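These notes are about the structure you will find just below.
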4 protein chains.
Amino acid sequence: MQFNLFKVPIAGPDDVSGVDKLIAQHALEAKDIIAIIGKTEGNGCVNDFTRGYAVRSLQEYFSTHIGKQAAKRISYVMSGGTEGVISPHFTIISRVNNQEAAAVGHSESGLKSLAIGVAHTPVLLPESIGRLAQVNEVADAVGRAMQDARIDDIKDVHFVQIKCPLLTVESIREAESRGQTVVTEETYKSMGFSRGASALGVAVALQEICKDELTEQDICHNWSKYSRVASTSAGSELNYCEIVVFGNSHHAEGELFIEHGVMEDSIDAAALTKLLENHDAEPIQIFAKAEADPSGVIRGRRHTMLDDSDINHTRHARAVVGGVLASVCKDPMIYISGGAEHQGPAGGGPVAVIFRRKTVN
Amino acid sequence: MQFNLFKVPIAGPDDVSGVDKLIAQHALEAKDIIAIIGKTEGNGCVNDFTRGYAVRSLQEYFSTHIGKQAAKRISYVMSGGTEGVISPHFTIISRVNNQEAAAVGHSESGLKSLAIGVAHTPVLLPESIGRLAQVNEVADAVGRAMQDARIDDIKDVHFVQIKCPLLTVESIREAESRGQTVVTEETYKSMGFSRGASALGVAVALQEICKDELTEQDICHNWSKYSRVASTSAGSELNYCEIVVFGNSHHAEGELFIEHGVMEDSIDAAALTKLLENHDAEPIQIFAKAEADPSGVIRGRRHTMLDDSDINHTRHARAVVGGVLASVCKDPMIYISGGAEHQGPAGGGPVAVIFRRKTVN
Amino acid sequence: MQFNLFKVPIAGPDDVSGVDKLIAQHALEAKDIIAIIGKTEGNGCVNDFTRGYAVRSLQEYFSTHIGKQAAKRISYVMSGGTEGVISPHFTIISRVNNQEAAAVGHSESGLKSLAIGVAHTPVLLPESIGRLAQVNEVADAVGRAMQDARIDDIKDVHFVQIKCPLLTVESIREAESRGQTVVTEETYKSMGFSRGASALGVAVALQEICKDELTEQDICHNWSKYSRVASTSAGSELNYCEIVVFGNSHHAEGELFIEHGVMEDSIDAAALTKLLENHDAEPIQIFAKAEADPSGVIRGRRHTMLDDSDINHTRHARAVVGGVLASVCKDPMIYISGGAEHQGPAGGGPVAVIFRRKTVN
Amino acid sequence: MQFNLFKVPIAGPDDVSGVDKLIAQHALEAKDIIAIIGKTEGNGCVNDFTRGYAVRSLQEYFSTHIGKQAAKRISYVMSGGTEGVISPHFTIISRVNNQEAAAVGHSESGLKSLAIGVAHTPVLLPESIGRLAQVNEVADAVGRAMQDARIDDIKDVHFVQIKCPLLTVESIREAESRGQTVVTEETYKSMGFSRGASALGVAVALQEICKDELTEQDICHNWSKYSRVASTSAGSELNYCEIVVFGNSHHAEGELFIEHGVMEDSIDAAALTKLLENHDAEPIQIFAKAEADPSGVIRGRRHTMLDDSDINHTRHARAVVGGVLASVCKDPMIYISGGAEHQGPAGGGPVAVIFRRKTVN
């Protein structure tokens with residue numbers, strides 16, 4: 001079992017030409033793709049249709065190659081918002097089965113290599129979003145995704161990307177018509193609750209926090225409870241959670257591996273600098289989370305992101321973290337997702353790097 | 001002659017409490033203040049009233065301390081836009097005359113120290129904005145500001161901050177009523193032209209470009225002509241250009257000095273890193289310019305700042321450069337101004353650092 | 001006692017030239033001014049500094065005319081947001097004492113004429129905002145303002161304009177540092193709670209709803225409880241509520257009077273059309289409230305205002321109602337304020353017209 | 001030949017359920033559809049992907065019903081921006097051939113009925129956009145569309161809807177790489193030029209202006225030249241112009257007909273009121289254009305739309321005109337498109353109503 005990762009620029013949410021080129025050149029086979037993680041150029045908030053547009057364009061493309069059913073089985077995780085220098089792109093993840101490795105039950109090299117697994121929760125009702133029900137469903141699905149990736153040890157999980165639903169005016173009305181209440185009546189705010197509950201689901205699954213001590217009131221309030229590897233993103237184009245677990249596994253082989261760090265705040269460039277210095281390998285993709293410090297202060301200085309009624313704070317935060325990390329890795333085509341509720345410490349967030357080992361001649 | 005620099009946070013455009021505290025503590029005398037350079041939390045674009053509000057609040061404050069006339073003589077240079085982590089603040093610059101130094105005609109130390117001079121152009125008619133007329137007026141005023149600072153050598157000029165006017169719907173109509181044309185009928189675009197012409201005025205004054213070879217068509221088109229030290233900012237609160245020249249002079253004394261670098265693009269953290277490494281001194285304030293690369297590309301990757309109809313590209317660019325430089329100097333209370341037309345290379349911009357020499361015991 | 005109303009255009013938040021002209025022409029004496037109600041061109045949301053800038057500019061202007069104390073006694077009610085056709089302006093309200101009328105204790109004409117009274121609540125702590133504490137304080141202050149206006153009958157009150165505070169990141173932190181909770185941690189959302197509680201205070205004072213049946217949970221949830229004459233507007237420039245009551249009184253005289261209607265939704269032009277048809281008098285100013293229908297639907301059609309993460313829904317709503325009412329009264333220089341929580345039915349809002357009686361020759 | 005018009009709400013740009021329902025109910029056959037004109041909920045500016053997303057979703061839907069080729073032959077004209085009360089929807093236009101009517105060469109009733117024709121220009125190079133080349137291509141295509149509709153008399157044309165391309169950073173670079181210049185380097189501004197040139201093409205075709213007297217400098221400068229029936233909308237999803245001509249024809253039959261008026265400014269409700277009063281028929285759809293008055297003034301009052309750097313003026317204008325016309329026709333599900341350059345007088349725009357004749361029993 002070997003996992004490959006390809007990064008292609010896109011000229012718009014519907015641009016599948018980069019994917020098509022890889023397939024035409026036989027660098028990649030459509031049937032091997034398990035997930036596509038993208039940054040699309042919408043506002044990353046409630047009325048961002050670039051996420052759905054990208055998913056639809058990719059599904060339509062793959063339908064003609066591998067059929068409608070197989071096209072739907074791919075996990076599509078689109079994060080809107082390419083503020084500042086962040087460059088729109090797709091990260092394509094494929095899994096190739098290696099017969100010999102399978103026979104011996106572990107990788108030939110003896111090293112742990114990048115392994116990726118996917119899973120999804122059942123459909124979440126509007127009244128479950130941002131609540132313990134969502135936490136629990138996500139925790140279960142993370143376990144299934146680890147199995148899918150054949151990652152045995154929770155310490156080998158370095159990044160968990162989740163796409164989760166949000167509340168819309170329509171879904172709130174629908175829940176209310178059934179006599180249910182929702183966690184918030186504000187659609188933009190529901191994105192934060194959904195991201196937060198998903199992240200806590202990861203923290204539960206990876207034993208970063210204790211499930212029994214977690215209460216519904218902790219969600220989006222108690223920032224001391226968080227996951228160091230969760231990255232969650234909300235969108236209106238799905239009504240369940242899509243989970244992609246990244247880690248290293250003995251059962252996988254190949255040149256790729258993943259490591260992670262934690263940014264203490266949005267200008268903590270050192271988190272990435274250290275990761276790059278500590279590994280004599282080529283970084284090929286970076287995944288990170290961004291958020292405006294909820295205290296209103298960063299390094300003792302007031303910031304204005306939370307009081308800005310013209311630009312949502314998630315947009316400010318993505319622009320900052322995208323710039324900071326791009327200045328370290330010298331590539332703006334990286335994955336920065338906004339809204340880091342319970343993902344890393346308050347104001348900070350996880351950063352993961354996928355490396356390619358240097359080939360020994 | 002000694003120049004001092006104080007940096008105070010502000011809780012809003014009208015917050016003069018930081019200035020008042022310095023004066024109450026006798027750290028500073030109101031009569032010695034020659035300039036206040038601020039970052040205020042508006043959109044930094046046409047309808048940003050936080051700049052004017054800050055100027056009015058400061059003038060009103062100083063009027064009660066040193067009288068209306070003296071309050072008006074201070075140069076107020078407000079730059080709107082604190083996107084991302086940039087923290088609203090005022091930088092207060094004062095000049096104290098030192099009798100002994102004046103007598104010998106140069107600083108006691110033999111070292112060149114920070115020297116700052118101010119000047120302003122005459123009122124610019126709407127039809128002059130963004131044209132050679134503005135370039136020439138600014139070039140002349142830069143010379144006067146150098147004299148005011150007693151900087152003899154153009155090589156000793158490290159930063160020239162200019163506040164310049166923009167066109168409004170009203171001023172365009174007024175010019176047209178006199179049969180004149182303006183450089184653009186779009187108010188937001190006029191900010192770029194005014195910044196560009198001002199920067200070229202600096203480049204002419206400092207012999208960075210040849211005046212005779214400059215044509216009106218070069219303004220905001222020929223990006224190969226630029227100043228490495230100009231920082232210009234447009235606002236609706238004045239109808240002339242306000243110039244503040246920063247450099248080092250034998251005639252000045254004190255612990256402060258200034259150096260500059262040039263960011264090649266908006267994620268060129270190295271420009272600042274090198275400046276900090278090359279000087280064994282404490283950085284106390286940073287001034288830099290930010291712009292979205294006009295090519296639409298940065299490090300070979302497409303950016304979306306110029307095509308974003310929800311957030312102006314100057315706002316994106318400030319968020320990025322503010323984050324990148326704050327991650328290097330570890331302080332988000334720095335001066336980042338947007339729109340770097342003819343200020344540094346296309347997509348990049350000047351960065352200047354004011355240092356305090358370490359005291360030898 | 002006679003009340004006059006003047007409407008002057010402003011070129012920016014700091015433009016006092018229209019007020020100055022009236023005073024220079026002796027149309028108005030500064031000492032007689034009791035309130036200035038303005039529309040300024042900010043975003044009308046949290047970080048709108050145009051409101052404070054206008055207040056400061058007016059206070060500074062009046063200070064030089066009638067002294068600092070008298071300048072502060074004027075009620076300044078600024079509402080930000082001139083989306084669409086709404087034209088920035090100040091409405092100046094003055095009170096002139098008429099000796100003879102006072103002697104007989106009622107107006108000479110026998111008709112009820114426009115009477116205006118002001119009052120304000122004590123300073124509200126952050127934890128009181130959006131809660132019953134605010135409702136009660138406002139209800140009391142409305143009673144005092146009615147007395148000030150000498151309006152005896154609650155049926156004669158046709159418009160109650162209130163400027164109320166909001167929560168900021170700083171004030172929330174301050175409250176939390178004292179162990180208090182606030183109604184919401186979102187600054188933008190706090191504006192709605194403060195407007196809603198203020199409006200319910202009016203409804204209590206005018207017996208539109210029963211105080212004893214009102215619970216804290218009703219605030220911003222139970223839209224069936226509302227005032228038909230309240231117009232409330234939140235801003236960061238004050239920490240108490242400023243109340244201006246408009247009505248008709250036997251104790252007042254002059255040509256002006258006020259009537260009101262209720263818009264059932266934001267395109268209910270008929271509410272204003274009927275008011276204008278029913279009175280053979282010249283409309284000289286219109287005051288109205290605007291809000292995006294919280295149901296997400298208007299006249300059975302879905303609207304997108306509540307799901308828009310680029311433009312706040314209050315801004316959409318003001319643009320609509322401003323256009324609709326301006327199309328009826330043929331003047332875009334009218335007062336439209338956003339956020340009509342508990343001000344008129346859900347999705348609608350009060351509309352009041354100040355008329356000048358036609359002079360009989 | 002009979003033309004039918006159906007109006008269906010959409011829950012998002014990809015919502016084809018309304019169309020599907022009509023087809024499932026046999027109210028409409030997919031093969032008869034000639035055009036779909038939609039309002040989608042993006043920003044209506046450069047980076048609005050909702051237009052392309054809607055087109056793609058419809059094409060995909062129709063491909064499965066009538067094949068890819070037939071799906072592409074339908075004209076898709078999507079206008080982004082549902083500010084204020086405007087409700088997202090599709091207007092579906094179909095043409096049914098009536099054998100008997102065809103035989104006699106005119107409609108059975110003797111009345112002129114709604115007739116619609118489509119055509120498109122060749123692909124326009126970036127350097128042609130906003131210039132006379134575009135005007136001429138559009139004028140030719142309008143003639144072809146009239147033939148397609150079998151409208152003989154230019155006086156019978158009441159609305160011409162055009163979707164036209166815009167410049168993007170990429171297309172500008174491409175043109176420059178071939179040594180060509182473009183009309184503007186600002187992508188948002190290019191939308192106005194493209195709309196303006198398209199509208200002048202209509203004016204030329206319908207002899208509203210004289211082709212020989214039109215110069216390139218007139219485009220987006222000389223507002224006295226305009227069409228009273230053109231409605232043009234720019235989008236990044238096509239590189240040619242798509243033309244849909246609406247008029248009345250003796251060759252058509254059925255209950256529908258179209259009439260038009262001209263709004264003199266954005267609050268000219270009377271333009272629509274008169275149309276509705278003059279025809280004893282049921283209005284079933286309204287098409288109108290909106291723009292911020294380029295003079296900066298409306299009914300003698302200053303507006304702030306052109307100086308707003310947070311919200312583009314086309315968005316303000318759509319919100320206003322949408323509200324005003326919805327208040328007259330009592331339905332917010334109408335087509336209001338922004339940017340009315342050379343479409344009606346400066347600040348105003350065309351308004352067309354499709355009516356259904358009352359059936360005589």
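As shown in the structure tokens, the chain order sets the letters A, B, ...; within each chain, residues go from 1, and ligands are also counted from 1 in the order they appear.
Surrounding segment 175-180 of chain B within 7 Å are B:Pro126, B:Glu127, B:Ser171, with only C-alpha atoms counted and residues fewer than 4 positions along the same chain left out.
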Can I get the residues of chain B within 8 Å of chain C, each with the closest pair of atoms and their distance in Å to one decimal, using only C-alpha atoms, sorted chain first then ascending number, as a Markdown table?
| residue | atom | partner | partner_atom | distance |
| --- | --- | --- | --- | --- |
| B:Pro13 | CA | C:Phe49 | CA | 7.9 |
| B:Phe49 | CA | C:Thr50 | CA | 6.5 |
| B:Thr50 | CA | C:Phe49 | CA | 6.5 |
| B:Tyr53 | CA | C:Tyr53 | CA | 5.8 |
| B:Asp310 | CA | C:Asp310 | CA | 6.8 |
Please produce a file of the residues just selected, as a tab-separated table (two decimals), in the first residue's frame, where the atoms kept are N, CA and C atoms.
chain	number	residue	atom	x	y	z
B	13	PRO	N	-9.71	55.61	16.67
B	13	PRO	CA	-9.08	56.74	15.97
B	13	PRO	C	-9.00	58.00	16.85
B	49	PHE	N	-12.92	57.22	7.05
B	49	PHE	CA	-12.95	58.46	7.82
B	49	PHE	C	-12.15	58.36	9.11
B	50	THR	N	-11.55	57.19	9.36
B	50	THR	CA	-10.78	57.06	10.60
B	50	THR	C	-9.51	57.91	10.55
B	53	TYR	N	-10.58	61.44	11.36
B	53	TYR	CA	-11.05	61.45	12.76
B	53	TYR	C	-9.85	61.49	13.70
B	310	ASP	N	-15.01	41.81	-3.47
B	310	ASP	CA	-15.54	42.01	-2.12
B	310	ASP	C	-14.55	42.75	-1.21
**Request:** Could you tell me, as an NGL selection string, which residues of segment 120-315 of chain A DSSP assigns to strand (DSSP E or B) when given the backbone?
**Result:** :A and (120 or 157-164 or 227 or 230-234 or 242-249 or 253 or 256-263 or 281-290 or 297-298 or 301-302)
**Message:** With only C-alpha atoms as the counted atoms, please give the residues lying no more than 6 Å from segment 338-344 of chain D, apart from itself and same-chain residues fewer than 3 positions off, as a ChimeraX atom specification.
**Reply:** /D:196,199,226-228,230,289-291,314,318,348-350
